[in-house]
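So this block is structure14.cif, mmCIF, C-alpha atoms:
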```cif
data_input
loop_
_atom_site.label_atom_id
_atom_site.label_comp_id
_atom_site.auth_asym_id
_atom_site.auth_seq_id
_atom_site.Cartn_x
_atom_site.Cartn_y
_atom_site.Cartn_z
CA MET A 12 0.00 0.00 0.00
CA GLY A 13 2.82 2.47 -0.34
CA LYS A 14 3.80 2.88 3.30
CA SER A 15 7.42 2.33 4.26
CA ASP A 16 9.45 1.59 7.33
CA THR A 17 12.52 3.46 8.55
CA SER A 18 14.91 1.69 6.18
CA SER A 19 12.76 2.44 3.14
CA ALA A 20 12.44 6.06 4.24
CA ASN A 21 16.22 6.33 4.11
CA ALA A 22 16.34 4.86 0.59
CA PRO A 23 16.19 8.24 -1.21
CA ALA A 24 19.06 9.51 0.95
CA ALA A 25 21.10 6.43 0.07
CA ALA A 26 20.35 6.96 -3.61
CA ARG A 27 21.50 10.57 -3.37
CA LYS A 28 24.75 9.48 -1.71
CA LYS A 29 25.36 6.98 -4.49
CA ASP A 30 24.78 9.64 -7.13
CA VAL A 31 27.51 11.79 -5.54
CA LEU A 32 30.16 9.21 -6.47
CA PRO A 33 30.72 10.42 -10.08
CA TYR A 34 31.25 13.96 -8.83
CA ILE A 35 33.77 12.78 -6.25
CA LEU A 36 35.72 10.87 -8.91
CA LEU A 37 35.57 13.87 -11.25
CA PHE A 38 36.77 16.19 -8.50
CA ILE A 39 39.78 13.97 -7.77
CA LEU A 40 40.59 13.78 -11.49
CA LEU A 41 40.43 17.56 -11.88
CA ALA A 42 42.63 17.96 -8.80
CA GLY A 43 45.25 15.71 -10.37
CA LEU A 44 45.13 17.61 -13.67
CA LEU A 45 45.47 20.92 -11.83
CA ALA A 46 48.50 19.55 -9.99
CA VAL A 47 50.08 18.57 -13.31
CA LEU A 48 49.30 21.99 -14.74
CA ALA A 49 50.73 23.72 -11.67
CA GLY A 50 54.07 21.96 -12.24
CA ALA A 51 54.20 23.54 -15.67
CA LEU A 52 53.39 27.05 -14.45
CA LEU A 53 55.62 26.84 -11.36
CA PRO A 54 58.98 25.15 -10.82
CA PRO A 55 60.18 22.80 -12.31
CA TYR A 56 58.55 24.45 -15.41
CA TYR A 57 58.10 21.41 -17.65
CA HIS A 58 55.96 21.43 -20.80
CA ALA A 59 52.28 21.37 -19.86
CA VAL A 60 50.75 19.90 -23.03
CA PRO A 61 52.76 16.64 -23.10
CA ALA A 62 52.25 16.20 -19.35
CA LEU A 63 48.48 16.64 -19.66
CA LEU A 64 48.28 14.33 -22.67
CA TRP A 65 50.20 11.58 -20.89
CA SER A 66 48.06 12.07 -17.78
CA LEU A 67 44.85 11.64 -19.75
CA GLY A 68 46.35 8.71 -21.62
CA PHE A 69 47.17 6.81 -18.40
CA CYS A 70 43.76 7.71 -16.99
CA VAL A 71 41.94 6.34 -20.05
CA SER A 72 44.09 3.19 -19.96
CA GLY A 73 43.19 2.67 -16.31
CA MET A 74 39.52 3.28 -17.09
CA LEU A 75 39.61 0.65 -19.83
CA LEU A 76 41.17 -1.86 -17.44
CA GLY A 77 38.62 -1.01 -14.75
CA PHE A 78 35.84 -1.40 -17.31
CA LEU A 79 37.02 -4.89 -18.18
CA PHE A 80 37.20 -5.90 -14.53
CA GLY A 81 33.85 -4.29 -13.65
CA ILE A 82 31.58 -5.72 -16.37
CA PRO A 83 28.81 -7.58 -14.48
CA ARG A 84 28.34 -11.27 -15.10
CA THR A 85 25.00 -12.47 -16.40
CA LEU A 86 23.02 -15.57 -15.49
CA PRO A 87 23.41 -18.59 -17.76
CA SER A 88 20.91 -18.99 -20.56
CA GLY A 89 17.56 -20.38 -19.50
CA THR A 90 17.66 -19.39 -15.82
CA VAL A 91 15.49 -17.15 -13.69
CA ASN A 92 15.78 -15.68 -10.24
CA MET A 93 13.62 -17.23 -7.53
CA ALA A 94 13.13 -15.98 -3.99
CA PRO A 95 14.23 -18.25 -1.14
CA PRO A 96 11.55 -20.59 0.24
CA ASP A 97 11.40 -18.86 3.63
CA GLU A 98 10.80 -15.49 1.95
CA ARG A 99 8.04 -16.89 -0.26
CA THR A 100 6.26 -18.56 2.63
CA SER A 101 6.53 -15.49 4.85
CA ALA A 102 5.44 -12.98 2.20
CA LYS A 103 1.88 -13.04 3.45
CA GLY A 104 2.98 -12.07 6.91
CA ARG A 105 4.64 -8.84 5.81
CA SER A 106 2.82 -5.70 6.77
CA THR A 107 0.92 -4.16 3.88
CA ASP A 108 2.26 -0.77 4.90
CA GLU A 109 5.80 -1.91 4.04
CA PRO A 110 6.97 -1.99 0.41
CA PRO A 111 9.58 -4.58 -0.52
CA ALA A 112 13.03 -3.45 0.57
CA ALA A 113 15.15 -2.16 -2.27
CA GLY A 114 17.68 -4.70 -3.45
CA THR A 115 16.28 -7.51 -1.27
CA ASP A 116 15.12 -9.68 -4.14
CA ALA A 117 18.38 -9.37 -6.00
CA ALA A 118 20.58 -9.90 -2.98
CA ALA A 119 18.73 -12.90 -1.54
CA SER A 120 17.61 -14.74 -4.66
CA ASN A 121 18.29 -18.29 -5.74
CA THR A 122 18.86 -19.46 -9.30
CA LEU A 123 16.30 -21.84 -10.75
CA PHE A 124 17.39 -23.64 -13.93
CA LEU A 125 14.59 -24.22 -16.39
CA GLY A 126 14.38 -26.93 -19.00
CA THR A 127 13.84 -24.51 -21.89
CA PRO A 128 15.80 -21.33 -22.60
CA THR A 129 14.25 -17.89 -22.85
CA PRO A 130 12.59 -17.04 -26.21
CA MET A 131 15.29 -14.48 -27.00
CA GLU A 132 18.82 -14.92 -25.73
CA ILE A 133 20.96 -12.04 -24.47
CA ASN A 134 24.24 -11.47 -26.31
CA SER A 135 26.91 -11.92 -23.62
CA ASN A 136 29.96 -11.78 -25.90
CA LEU A 137 31.25 -8.66 -24.13
CA VAL A 138 31.05 -10.44 -20.79
CA GLU A 139 32.89 -13.46 -22.16
CA VAL A 140 35.59 -11.30 -23.74
CA SER A 141 35.96 -9.35 -20.49
CA ASP A 142 36.30 -12.58 -18.50
CA TRP A 143 38.85 -13.92 -20.95
CA LEU A 144 40.95 -10.72 -21.00
CA THR A 145 40.91 -10.24 -17.22
CA LYS A 146 42.17 -13.78 -16.68
CA ILE A 147 44.97 -13.19 -19.20
CA ILE A 148 45.89 -9.84 -17.64
CA VAL A 149 45.98 -11.26 -14.13
CA GLY A 150 47.93 -14.33 -15.23
CA VAL A 151 50.51 -12.37 -17.21
CA GLY A 152 50.76 -9.78 -14.43
CA LEU A 153 51.56 -12.43 -11.83
CA ILE A 154 54.13 -14.07 -14.07
CA GLU A 155 55.83 -10.77 -14.97
CA LEU A 156 55.49 -9.26 -11.50
CA LYS A 157 59.25 -9.20 -10.92
CA SER A 158 59.89 -7.26 -14.12
CA LEU A 159 57.11 -4.72 -13.46
CA PRO A 160 59.35 -2.10 -11.74
CA GLY A 161 61.86 -2.28 -14.59
CA SER A 162 59.10 -1.87 -17.18
CA ALA A 163 57.76 1.14 -15.29
CA ARG A 164 61.21 2.77 -15.20
CA ALA A 165 61.66 2.12 -18.93
CA MET A 166 58.26 3.72 -19.63
CA ALA A 167 59.17 6.73 -17.49
CA ALA A 168 62.50 7.09 -19.30
CA PHE A 169 60.67 7.00 -22.63
CA ILE A 170 58.21 9.74 -21.60
CA ALA A 171 60.63 11.98 -19.64
CA PRO A 172 62.28 13.76 -22.65
CA SER A 173 58.89 15.08 -23.81
CA LEU A 174 58.62 17.23 -20.66
CA ALA A 175 61.76 19.21 -21.67
CA THR A 176 63.26 19.44 -18.18
CA ASP A 177 66.13 17.80 -16.33
CA THR A 178 66.00 14.02 -16.35
CA PRO A 179 65.68 13.31 -12.58
CA THR A 180 62.80 15.79 -12.26
CA ALA A 181 61.08 14.49 -15.39
CA MET A 182 61.40 10.89 -14.18
CA ALA A 183 59.81 11.80 -10.84
CA VAL A 184 56.95 13.71 -12.49
CA VAL A 185 56.27 10.92 -14.96
CA GLY A 186 56.31 8.35 -12.17
CA GLY A 187 53.72 10.32 -10.25
CA ILE A 188 51.57 10.74 -13.35
CA MET A 189 51.73 7.03 -14.13
CA LEU A 190 50.84 5.97 -10.58
CA PHE A 191 48.09 8.51 -9.85
CA PHE A 192 46.21 8.53 -13.15
CA SER A 193 46.47 4.78 -13.75
CA VAL A 194 45.05 3.92 -10.32
CA HIS A 195 42.41 6.65 -10.40
CA GLY A 196 41.41 5.75 -13.94
CA PHE A 197 41.00 2.11 -12.87
CA LEU A 198 38.76 3.17 -9.98
CA ILE A 199 36.67 5.37 -12.29
CA GLY A 200 36.20 2.59 -14.83
CA TYR A 201 35.52 -0.13 -12.26
CA LEU A 202 33.14 1.78 -9.99
CA LEU A 203 31.08 3.41 -12.73
CA THR A 204 30.86 0.14 -14.65
CA ARG A 205 30.03 -1.91 -11.58
CA ILE A 206 27.37 0.47 -10.25
CA TYR A 207 25.74 2.16 -13.23
CA LEU A 208 26.40 -0.16 -16.18
CA SER A 209 24.88 -3.03 -14.19
CA ILE A 210 21.61 -1.11 -13.92
CA MET A 211 21.63 -0.25 -17.63
CA ILE A 212 22.33 -3.86 -18.65
CA LYS A 213 19.59 -5.13 -16.34
CA ARG A 214 17.07 -2.73 -17.87
CA ALA A 215 18.05 -3.72 -21.39
CA ASP A 216 17.86 -7.43 -20.55
CA SER A 217 14.44 -6.93 -18.97
CA MET A 218 13.18 -5.31 -22.16
CA VAL A 219 14.54 -8.14 -24.31
CA LYS A 220 13.21 -10.87 -22.02
CA ASN A 221 9.86 -9.10 -21.63
CA GLU A 222 10.20 -9.05 -17.84
CA SER A 223 7.83 -6.06 -17.73
CA VAL A 224 4.13 -6.14 -18.51
CA ARG A 225 2.13 -3.36 -20.15
CA LEU A 226 -1.31 -2.93 -18.62
CA GLU A 227 -4.40 -1.86 -20.54
CA SER A 228 -3.95 1.71 -19.34
CA GLY A 229 -0.48 1.81 -20.92
CA LYS A 230 1.46 1.62 -17.66
CA GLU A 231 4.38 -0.79 -17.41
CA ILE A 232 5.09 -2.93 -14.35
CA GLU A 233 7.77 -5.53 -13.67
CA VAL A 234 6.69 -9.14 -13.54
CA THR A 235 8.02 -9.59 -10.00
CA GLU A 236 6.12 -6.53 -8.79
CA LEU A 237 3.01 -7.68 -10.62
CA SER A 238 3.21 -11.10 -8.97
CA ARG A 239 3.57 -9.51 -5.53
CA LEU A 240 0.55 -7.27 -6.04
CA GLN A 241 -1.51 -10.12 -7.46
CA GLN A 242 -0.68 -12.28 -4.46
CA LYS A 243 -1.76 -9.48 -2.17
CA SER A 244 -5.02 -9.12 -4.11
CA LEU A 245 -5.65 -12.85 -3.77
CA ASP A 246 -5.07 -12.65 -0.02
CA ASP A 247 -7.52 -9.75 0.19
CA MET A 248 -10.13 -11.68 -1.78
CA GLN A 249 -9.74 -14.75 0.42
CA GLU A 250 -10.16 -12.61 3.52
CA ALA A 251 -13.22 -10.86 2.06
CA VAL A 252 -14.84 -14.17 1.09
CA THR A 253 -14.22 -15.51 4.59
CA GLN A 254 -15.87 -12.45 6.12
CA LEU A 255 -18.86 -12.82 3.79
CA LEU A 256 -19.30 -16.42 4.85
CA LEU A 257 -19.18 -15.49 8.52
CA ALA A 258 -21.36 -12.38 8.39
CA HIS A 259 -24.33 -10.90 6.54
CA PRO A 260 -23.75 -9.35 3.13
CA PRO A 261 -22.94 -5.65 3.28
CA ASP A 262 -25.42 -2.99 2.24
CA CYS A 263 -23.43 -2.22 -0.86
CA GLY A 264 -23.80 -5.75 -2.24
CA GLY A 265 -26.66 -4.87 -4.56
CA THR A 266 -25.00 -1.72 -5.80
CA VAL A 267 -21.69 -3.44 -6.52
CA ALA A 268 -23.43 -6.37 -8.22
CA ALA A 269 -25.43 -4.03 -10.45
CA LEU A 270 -22.36 -2.07 -11.45
CA ALA A 271 -20.36 -5.25 -12.04
CA GLY A 272 -22.87 -6.43 -14.63
CA MET A 273 -22.75 -3.15 -16.54
CA PRO A 274 -20.29 -2.69 -19.46
CA ALA A 275 -17.44 -0.33 -18.64
CA ALA A 276 -18.35 2.02 -21.48
CA GLN A 277 -21.84 2.52 -20.01
CA LYS A 278 -20.67 3.23 -16.47
CA PRO A 279 -20.64 6.90 -15.41
CA ALA A 280 -17.20 8.49 -15.39
CA SER A 281 -15.80 9.65 -12.06
CA LEU A 282 -12.62 11.34 -10.91
CA VAL A 283 -10.86 10.10 -7.76
CA LEU A 284 -7.77 11.42 -5.99
CA TRP A 285 -5.45 8.85 -4.36
CA LEU A 286 -2.89 10.10 -1.84
CA ASP A 287 -0.01 7.68 -1.21
CA ASP A 288 3.74 8.22 -0.98
CA HIS A 289 4.34 4.84 -2.69
CA PRO A 290 1.83 4.90 -5.58
CA ARG A 291 3.33 1.93 -7.41
CA ASN A 292 2.01 -0.38 -4.68
CA ASN A 293 -1.52 0.51 -5.79
CA THR A 294 -0.96 -0.13 -9.49
CA LEU A 295 -3.36 -3.05 -9.81
CA LEU A 296 -6.09 -1.39 -7.76
CA VAL A 297 -5.80 1.77 -9.86
CA GLU A 298 -5.99 -0.40 -12.98
CA GLN A 299 -9.17 -2.07 -11.74
CA LEU A 300 -10.76 1.29 -10.90
CA GLU A 301 -9.96 2.68 -14.33
CA ARG A 302 -11.56 -0.39 -15.89
CA GLU A 303 -14.72 0.71 -14.06
CA ASN A 304 -14.47 4.09 -15.84
CA ILE A 305 -13.12 5.68 -12.64
CA LYS A 306 -10.16 7.92 -13.47
CA VAL A 307 -7.57 8.04 -10.70
CA GLU A 308 -5.10 10.88 -10.19
CA GLN A 309 -2.35 10.34 -7.64
CA ALA A 310 -0.52 12.55 -5.15
CA VAL A 311 2.47 11.65 -2.97
CA SER A 312 2.16 14.30 -0.25
CA MET A 313 -0.62 16.07 1.62
CA ARG A 314 0.49 19.45 0.26
CA GLN A 315 0.22 18.19 -3.31
CA ALA A 316 -3.17 16.58 -2.60
CA LEU A 317 -4.59 19.79 -1.10
CA ALA A 318 -3.38 21.78 -4.10
CA MET A 319 -4.99 19.29 -6.51
CA LEU A 320 -8.26 19.43 -4.56
CA GLN A 321 -8.33 23.21 -5.03
CA GLN A 322 -7.76 22.89 -8.78
CA LYS A 323 -10.24 20.12 -9.67
CA HIS A 324 -13.48 18.62 -8.43
CA TYR A 325 -12.95 15.08 -7.20
CA ALA A 326 -15.76 12.72 -6.33
CA LEU A 327 -13.74 10.89 -3.66
CA LEU A 328 -10.38 10.90 -1.86
CA ILE A 329 -8.41 7.78 -0.97
CA THR A 330 -5.51 8.23 1.46
CA ASP A 331 -2.99 6.04 3.20
CA MET A 332 -2.22 6.28 6.91
CA ALA A 333 1.56 6.18 7.51
CA ARG A 334 3.41 8.47 5.13
CA ALA A 335 6.64 10.40 4.68
CA GLU A 336 5.99 14.15 4.73
CA ASN A 337 8.87 16.63 4.23
CA GLY A 338 11.44 13.86 4.72
CA ARG A 339 9.94 12.71 8.04
CA ARG A 340 7.81 9.61 8.51
CA ILE A 341 4.45 10.35 10.16
CA LYS A 342 2.53 7.29 11.31
CA ASP A 343 -0.83 9.12 11.61
CA ALA A 344 -0.47 11.25 8.47
CA GLY A 345 -3.81 9.91 7.22
CA VAL A 346 -5.58 11.38 10.27
CA HIS A 347 -4.05 14.81 9.60
CA THR A 348 -5.08 14.53 5.94
CA VAL A 349 -8.70 13.78 6.84
CA ARG A 350 -8.83 16.77 9.20
CA GLU A 351 -7.29 19.16 6.66
CA VAL A 352 -9.59 18.07 3.84
CA ARG A 353 -12.66 18.21 6.09
CA GLN A 354 -11.98 21.89 6.79
CA SER A 355 -11.90 22.86 3.11
CA GLN A 356 -14.33 20.29 1.64
CA PRO A 357 -16.66 18.88 4.30
CA ALA A 358 -18.82 16.92 1.84
CA LEU A 359 -15.98 15.07 0.07
CA PRO A 360 -16.05 11.32 0.88
CA ILE A 361 -12.70 10.14 2.27
CA VAL A 362 -11.59 6.49 2.37
CA VAL A 363 -8.51 5.40 4.32
CA TYR A 364 -6.61 2.38 2.93
CA CYS A 365 -3.94 1.22 5.36
CA SER A 366 -2.39 -1.78 7.07
CA LYS A 367 -3.87 -3.68 10.01
CA ASP A 368 -1.29 -2.21 12.40
CA THR A 369 -2.06 1.41 11.52
CA LEU A 370 -5.78 0.65 11.48
CA ALA A 371 -5.59 -0.66 15.04
CA SER A 372 -3.55 2.35 16.17
CA TYR A 373 -5.22 5.25 14.36
CA GLY A 374 -8.44 3.91 12.85
CA THR A 375 -10.64 5.39 15.58
CA GLU A 376 -9.01 8.81 15.21
CA ALA A 377 -9.45 8.77 11.44
CA GLU A 378 -13.11 7.85 11.80
CA ALA A 379 -13.65 10.59 14.36
CA ALA A 380 -11.93 13.08 12.04
CA GLY A 381 -14.46 12.35 9.31
CA ALA A 382 -13.30 9.35 7.28
CA ARG A 383 -16.26 7.58 5.64
CA PHE A 384 -14.59 4.17 5.49
CA ILE A 385 -11.33 2.57 6.69
CA THR A 386 -10.13 -0.73 5.27
CA THR A 387 -7.08 -2.93 4.95
CA SER A 388 -8.47 -4.96 2.03
CA GLY A 389 -8.17 -3.98 -1.59
CA THR A 390 -11.37 -5.89 -2.41
CA SER A 391 -13.32 -3.96 0.20
CA LEU A 392 -11.77 -0.73 -1.05
CA LEU A 393 -12.99 -1.33 -4.61
CA ALA A 394 -16.50 -2.21 -3.40
CA THR A 395 -16.63 0.86 -1.14
CA VAL A 396 -15.44 3.23 -3.86
CA ASN A 397 -18.16 1.96 -6.21
CA LYS A 398 -20.77 2.27 -3.45
CA LEU A 399 -19.81 5.83 -2.46
CA LEU A 400 -19.65 7.03 -6.06
CA HIS A 401 -23.01 5.43 -6.77
CA GLU A 402 -24.54 7.16 -3.73
CA GLU A 403 -23.07 10.50 -4.81
CA ARG A 404 -24.57 10.14 -8.30
CA GLU A 405 -27.94 9.24 -6.83
CA ASP A 406 -27.85 12.25 -4.50
CA GLY A 407 -26.94 14.47 -7.42
CA ALA A 408 -29.77 13.06 -9.53
CA GLN A 409 -32.28 13.62 -6.71
CA SER A 410 -31.15 17.18 -6.01
CA ALA A 411 -31.22 18.18 -9.69
CA PRO A 412 -35.07 18.00 -10.14
CA GLN A 413 -35.59 19.82 -6.84
CA ALA A 414 -33.36 22.63 -8.05
#
```
Structure rendered as structure tokens:
Amino acid sequence: MGKSDTSSANAPAAARKKDVLPYILLFILLAGLLAVLAGALLPPYYHAVPALLWSLGFCVSGMLLGFLFGIPRTLPSGTVNMAPPDERTSAKGRSTDEPPAAGTDAAASNTLFLGTPTPMEINSNLVEVSDWLTKIIVGVGLIELKSLPGSARAMAAFIAPSLATDTPTAMAVVGGIMLFFSVHGFLIGYLLTRIYLSIMIKRADSMVKNESVRLESGKEIEVTELSRLQQKSLDDMQEAVTQLLLAHPPDCGGTVAALAGMPAAQKPASLVLWLDDHPRNNTLLVEQLERENIKVEQAVSMRQALAMLQQKHYALLITDMARAENGRRIKDAGVHTVREVRQSQPALPIVVYCSKDTLASYGTEAEAAGARFITTSGTSLLATVNKLLHEEREDGAQSAPQA
């Protein structure tokens, strides 16, 4: 349902820290180039252009080596990732307010070998070439390790005359250039390849393997996310059926049944606002509402929702309970939302869709604040939305002749 725990609330901060890495590497590279340039403007006054060219050359060579070592390995042909058995069996017990932790599936997945390969295979020649070259480089490097210092001195002696300064100084400058820019270039190539190229390759492979599904509304969703949401919907339906068997049918049964038998094109159009800081967790429910000719617009914060309510007329508001507002997680944010909306639009029906934990803690407060309905079940949510919209249309039809 789009609510997160403390670790998921810190995910954006972690993403921002990761995005700082390229700037740190660029800053270090520029600092090295400025140091090389300073040696040309100040003593020992060597030629700047050859020094900069050799610096960039060693940096690019190191980047190429880091790229070869950092290319991610791919799964063998005809395999898929499968969650561990304990995670699959305990998935139902996870709180609906908690989205799946980022990176959990990839870090704790098992490999399941299938009998038939995927319909379209991924070209992994670059990975194979990288693996082959890295093994050769490591093997040759270990064999020629004793001669490495001599080769470095010979390289420095070859480059030193181009700096047009005394030989001892030129040898020292070239040695520093070789060491600094080779190592830093390797780190640039390895880290950027390992972190960012892995994401790009995974996206490309997902497109080739059709690991994402396009819904009727045009939205795309990953197969793993779709399976998780479908499992949650099945759990909700099982719980709703159990409650129907143990209790009397709700008052909205006739209304929902009548609407269910009506073609979508003939159903009246309605506009609903859904407030949730994790909207992707409601993808399937939004899809089902739009199939009922109910257009859903989404907001991720109370400030955005209030602004949207001032701009358009919405027939109903759906809100979560626990939410991150202004970088701080508020467990009873849904209660505050109901109170704020009630002050500006007292007649707007408000439905709270939350987890069982937040319902037990703040459900009474939300109901006292003016929420029309509070539920933890997606099935009950869909039935309630149809019922409330139907009641609003009937009230509008009755008030129109009187006017």
> So which one's closest to Ala46 in chain A, A:Ala59, A:Leu300, A:Ala394, A:Met248? Using only C-alpha atoms, please.
Replying inline: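 Of A:Ala59, A:Leu300, A:Ala394, A:Met248, the one nearest Ala46 in chain A is A:Ala59, counting only C-alpha atoms.
Nearest to Asp343 in chain A of all the residues A:Gln356, A:Ile35, A:Ser312, A:Glu376 is A:Glu376, based on all atoms listed in the file.
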>> Report, in Å to a single decimal, how far apart CA of Val396 in chain A and CA of Ala310 in chain A are.
In response: 17.6 Å
>> I need the output of the PyMOL selection byres ((chain A and resi 374) around 12) for this file as an MDAnalysis selection string; which residues are they?
In response: chainID A and resid 331:333 342:346 349 362:373 375:387
> What does the PyMOL selection byres ((chain A and resi 293) around 12) select in this file, as an MDAnalysis selection string?
Replying inline: chainID A and resid 12:14 107:108 110 232 236:237 239:241 243:244 285:292 294:300 307:309 329:331 364:365 388:389 392:393
Once 5 Å is added on each side, what are the centre and the three edge lengths, in Å to one decimal, of the axis-aligned box enclosing the listed atoms of range 199-207 of chain A? Present them as JSON.
```
{"center_x": 31.2, "center_y": 1.7, "center_z": -12.4, "size_x": 20.9, "size_y": 17.3, "size_z": 14.8}
```
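You will find CA of Thr145 in chain A at 10.2 Å from CA of Phe78 in chain A.
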>> Just checking: using all atoms listed in the file, which residue out of A:Gln322, A:Asn337, A:Thr395, A:Asn136 ends up closest to Ile361 in chain A?
In response: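 The answer is A:Thr395, which sits nearest to Ile361 in chain A.
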>> Under the rule that all atoms listed in the file are counted, which of A:Ile199, A:Ala49, A:Val140, A:Ala62 is the nearest residue to Tyr34 in chain A?
In response: A:Ile199
> What is the CA of Leu174 in chain A-CA of Pro54 in chain A distance in Å, reported with one decimal?
Replying inline: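 CA of Pro54 in chain A lies at a distance of 12.6 Å from CA of Leu174 in chain A.
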> Exactly which residues make up the result of the PyMOL selection byres ((chain A and resi 304) around 7) on this file, given as a VMD selection string?
Replying inline: chain A and resid 275 278 to 281 300 to 303 305 to 306
> Of the candidates A:Leu320, A:Leu137, A:Ala168, A:Leu37, which shows the shortest atom-to-atom distance to Leu359 in chain A, using only C-alpha atoms?
Replying inline: A:Leu320
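Residues lying within 9 Å of Ile188 in chain A, counting only C-alpha atoms and ignoring same-chain neighbours fewer than 3 positions away, are Gly43, Val47, Ala62, Trp65, Ser66, Phe69, Ala183, Val184, Val185, Phe191, Phe192 and Ser193 of chain A.
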Complete range 62-75 of chain A at the level of N, CA, C and O atoms, written as an mmCIF file, in the coordinates of the input.
```cif
data_model
loop_
_atom_site.group_PDB
_atom_site.id
_atom_site.type_symbol
_atom_site.label_atom_id
_atom_site.label_comp_id
_atom_site.auth_asym_id
_atom_site.auth_seq_id
_atom_site.Cartn_x
_atom_site.Cartn_y
_atom_site.Cartn_z
ATOM 1 N N ALA A 62 52.586 16.758 -20.665
ATOM 2 C CA ALA A 62 52.250 16.200 -19.350
ATOM 3 C C ALA A 62 50.762 15.923 -19.235
ATOM 4 O O ALA A 62 50.343 14.870 -18.728
ATOM 5 N N LEU A 63 49.925 16.849 -19.720
ATOM 6 C CA LEU A 63 48.480 16.640 -19.660
ATOM 7 C C LEU A 63 48.042 15.499 -20.569
ATOM 8 O O LEU A 63 47.162 14.697 -20.214
ATOM 9 N N LEU A 64 48.639 15.413 -21.746
ATOM 10 C CA LEU A 64 48.280 14.330 -22.670
ATOM 11 C C LEU A 64 48.635 12.973 -22.087
ATOM 12 O O LEU A 64 47.838 12.026 -22.164
ATOM 13 N N TRP A 65 49.816 12.853 -21.503
ATOM 14 C CA TRP A 65 50.200 11.580 -20.890
ATOM 15 C C TRP A 65 49.320 11.267 -19.687
ATOM 16 O O TRP A 65 48.964 10.104 -19.431
ATOM 17 N N SER A 66 48.940 12.296 -18.934
ATOM 18 C CA SER A 66 48.060 12.070 -17.780
ATOM 19 C C SER A 66 46.714 11.508 -18.228
ATOM 20 O O SER A 66 46.212 10.514 -17.668
ATOM 21 N N LEU A 67 46.130 12.142 -19.247
ATOM 22 C CA LEU A 67 44.850 11.640 -19.750
ATOM 23 C C LEU A 67 44.992 10.267 -20.372
ATOM 24 O O LEU A 67 44.086 9.419 -20.274
ATOM 25 N N GLY A 68 46.124 10.014 -21.021
ATOM 26 C CA GLY A 68 46.350 8.710 -21.620
ATOM 27 C C GLY A 68 46.392 7.601 -20.574
ATOM 28 O O GLY A 68 45.768 6.537 -20.743
ATOM 29 N N PHE A 69 47.126 7.819 -19.468
ATOM 30 C CA PHE A 69 47.170 6.810 -18.400
ATOM 31 C C PHE A 69 45.811 6.669 -17.722
ATOM 32 O O PHE A 69 45.422 5.571 -17.311
ATOM 33 N N CYS A 70 45.084 7.775 -17.609
ATOM 34 C CA CYS A 70 43.760 7.710 -16.990
ATOM 35 C C CYS A 70 42.798 6.870 -17.845
ATOM 36 O O CYS A 70 42.070 6.016 -17.319
ATOM 37 N N VAL A 71 42.814 7.109 -19.157
ATOM 38 C CA VAL A 71 41.940 6.340 -20.050
ATOM 39 C C VAL A 71 42.344 4.869 -20.055
ATOM 40 O O VAL A 71 41.480 3.977 -20.078
ATOM 41 N N SER A 72 43.655 4.593 -20.014
ATOM 42 C CA SER A 72 44.090 3.190 -19.960
ATOM 43 C C SER A 72 43.603 2.515 -18.686
ATOM 44 O O SER A 72 43.132 1.371 -18.711
ATOM 45 N N GLY A 73 43.702 3.231 -17.558
ATOM 46 C CA GLY A 73 43.190 2.670 -16.310
ATOM 47 C C GLY A 73 41.683 2.476 -16.348
ATOM 48 O O GLY A 73 41.156 1.480 -15.827
ATOM 49 N N MET A 74 40.967 3.416 -16.977
ATOM 50 C CA MET A 74 39.520 3.280 -17.090
ATOM 51 C C MET A 74 39.144 2.056 -17.930
ATOM 52 O O MET A 74 38.190 1.336 -17.598
ATOM 53 N N LEU A 75 39.875 1.818 -19.005
ATOM 54 C CA LEU A 75 39.610 0.650 -19.830
ATOM 55 C C LEU A 75 39.824 -0.639 -19.046
ATOM 56 O O LEU A 75 39.018 -1.581 -19.119
#
```
